[in-house]
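File shown: coords13.cif. Contents: mmCIF, C-alpha atoms.
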```
data_query
#
loop_
_atom_site.group_PDB
_atom_site.id
_atom_site.type_symbol
_atom_site.label_atom_id
_atom_site.label_comp_id
_atom_site.auth_asym_id
_atom_site.auth_seq_id
_atom_site.Cartn_x
_atom_site.Cartn_y
_atom_site.Cartn_z
ATOM 1 C CA MET A 1 -13.776 33.361 -48.059
ATOM 2 C CA PHE A 2 -14.687 30.628 -45.607
ATOM 3 C CA GLU A 3 -18.091 31.923 -44.587
ATOM 4 C CA ASP A 4 -19.953 29.962 -47.275
ATOM 5 C CA MET A 5 -17.874 26.846 -46.660
ATOM 6 C CA ILE A 6 -18.557 27.052 -42.919
ATOM 7 C CA ALA A 7 -22.298 27.484 -43.528
ATOM 8 C CA GLU A 8 -22.466 24.571 -45.995
ATOM 9 C CA GLN A 9 -20.212 22.084 -44.278
ATOM 10 C CA ILE A 10 -20.294 22.918 -40.571
ATOM 11 C CA ASP A 11 -23.010 25.176 -39.208
ATOM 12 C CA ALA A 12 -24.894 28.308 -40.279
ATOM 13 C CA LYS A 13 -24.605 29.851 -36.778
ATOM 14 C CA LEU A 14 -20.825 29.507 -36.856
ATOM 15 C CA ALA A 15 -20.824 31.147 -40.297
ATOM 16 C CA ASN A 16 -22.740 34.103 -38.834
ATOM 17 C CA ASP A 17 -20.264 34.332 -35.950
ATOM 18 C CA TYR A 18 -17.390 34.250 -38.448
ATOM 19 C CA ALA A 19 -19.013 37.099 -40.424
ATOM 20 C CA THR A 20 -18.927 39.365 -37.347
ATOM 21 C CA LEU A 21 -15.161 38.971 -36.772
ATOM 22 C CA SER A 22 -12.723 41.762 -37.587
ATOM 23 C CA ASP A 23 -10.581 41.414 -40.712
ATOM 24 C CA GLY A 24 -7.524 40.652 -38.596
ATOM 25 C CA ASP A 25 -9.327 37.915 -36.684
ATOM 26 C CA LYS A 26 -10.649 36.438 -39.945
ATOM 27 C CA ILE A 27 -7.131 36.265 -41.385
ATOM 28 C CA PHE A 28 -5.858 34.590 -38.210
ATOM 29 C CA LEU A 29 -8.701 32.054 -38.280
ATOM 30 C CA ASP A 30 -8.381 31.481 -42.046
ATOM 31 C CA LEU A 31 -4.710 30.569 -41.662
ATOM 32 C CA HIS A 32 -5.538 28.097 -38.909
ATOM 33 C CA ILE A 33 -8.275 26.493 -41.008
ATOM 34 C CA LEU A 34 -5.857 26.216 -43.937
ATOM 35 C CA ALA A 35 -3.225 24.630 -41.723
ATOM 36 C CA VAL A 36 -5.705 21.986 -40.543
ATOM 37 C CA LEU A 37 -6.830 21.313 -44.122
ATOM 38 C CA ALA A 38 -3.254 20.995 -45.347
ATOM 39 C CA GLN A 39 -2.458 18.469 -42.626
ATOM 40 C CA SER A 40 -5.603 16.413 -43.156
ATOM 41 C CA ASP A 41 -5.728 16.414 -46.974
ATOM 42 C CA LYS A 42 -2.407 15.678 -48.667
ATOM 43 C CA SER A 43 -3.672 17.089 -51.986
ATOM 44 C CA ILE A 44 -3.662 20.591 -50.398
ATOM 45 C CA THR A 45 -0.344 22.368 -50.061
ATOM 46 C CA VAL A 46 0.430 25.636 -48.305
ATOM 47 C CA GLU A 47 3.626 27.497 -49.130
ATOM 48 C CA ARG A 48 4.927 30.628 -47.459
ATOM 49 C CA GLU A 49 6.686 33.224 -49.565
ATOM 50 C CA ARG A 50 8.447 36.273 -48.103
ATOM 51 C CA LEU A 51 8.688 39.420 -50.204
ATOM 52 C CA ILE A 52 9.659 43.056 -49.922
ATOM 53 C CA LYS A 53 7.208 45.626 -51.241
ATOM 54 C CA ASN A 54 7.693 49.382 -50.866
ATOM 55 C CA GLY A 55 10.431 48.778 -48.310
ATOM 56 C CA LYS A 56 8.256 46.552 -46.082
ATOM 57 C CA PHE A 57 8.455 42.797 -45.517
ATOM 58 C CA TYR A 58 5.359 40.717 -46.256
ATOM 59 C CA ASP A 59 4.509 37.037 -46.022
ATOM 60 C CA ARG A 60 2.323 35.579 -48.716
ATOM 61 C CA MET A 61 0.570 32.260 -48.239
ATOM 62 C CA ILE A 62 0.071 30.249 -51.408
ATOM 63 C CA ILE A 63 -2.574 27.544 -51.186
ATOM 64 C CA GLU A 64 -2.796 24.928 -53.902
ATOM 65 C CA SER A 65 -5.697 22.521 -54.081
ATOM 66 C CA PRO A 66 -7.296 20.541 -56.871
ATOM 67 C CA LEU A 67 -10.658 21.983 -57.853
ATOM 68 C CA LYS A 68 -13.608 19.876 -56.804
ATOM 69 C CA PHE A 69 -16.951 20.548 -58.389
ATOM 70 C CA LYS A 70 -20.266 19.483 -56.920
ATOM 71 C CA SER A 71 -22.619 17.886 -59.368
ATOM 72 C CA LYS A 72 -26.189 19.084 -59.099
ATOM 73 C CA ARG A 73 -28.728 16.333 -59.539
#
```

What does this structure look like when you write it as structure tokens?
Amino acid sequence: MFEDMIAEQIDAKLANDYATLSDGDKIFLDLHILAVLAQSDKSITVERERLIKNGKFYDRMIIESPLKFKSKR
């Protein structure tokens, strides 16, 4: 999810490094990136929802952000 954003806004080498991470490491890193974004941009909110599915507990992170479109000129 963040690989394209990292390549566009930060650095292509970091995006390649991100692509090689395991799924678990990507989730961990994604949540940290979202936490930083939510603290730095007040239009982004992150809510945590706990649910039970098939007898197991799960946490769901809900991220709300206004859509921002780039204009191509």

Enclose the full set of atoms of stretch 37-50 of chain A listed in the file within a box whose edges lie along x, y and z, apply 5 Å of padding to each of the six sides, and report centre and edge lengths in Å to one decimal as JSON.
```
{"center_x": 0.8, "center_y": 26.0, "center_z": -47.3, "size_x": 25.3, "size_y": 30.6, "size_z": 19.4}
```

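Across the structure, atom CA of A:Asp17 and atom CA of A:Ala38 are spaced 23.6 Å apart.
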
Q: Taking the file as shown, find all residues satisfying the PyMOL selection byres ((chain A and resi 45) around 7) and write them as a list in words.
A: Ala38, Ser43, Ile44, Val46, Glu47, Ile63, Glu64 and Ser65 of chain A

Q. Do you have the atom CA of A:Lys42-atom CA of A:Pro66 distance handy?
A. 10.7 Å

Q: Name the residues captured by the PyMOL selection byres ((chain A and resi 4) around 12) when it is applied to the shown file; answer as a PyMOL selection string.
A: chain A and resi 1-3+5-16+18-19

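Atom pair atom CA of A:Met61 / atom CA of A:Leu31 has a distance of 8.6 Å (rounded to one decimal).
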
Q: Go through the shown structure with the PyMOL selection byres ((chain A and resi 50) around 9) and write out the matching residues as an MDAnalysis selection string.
A: chainID A and resid 48:49 51:52 57:61
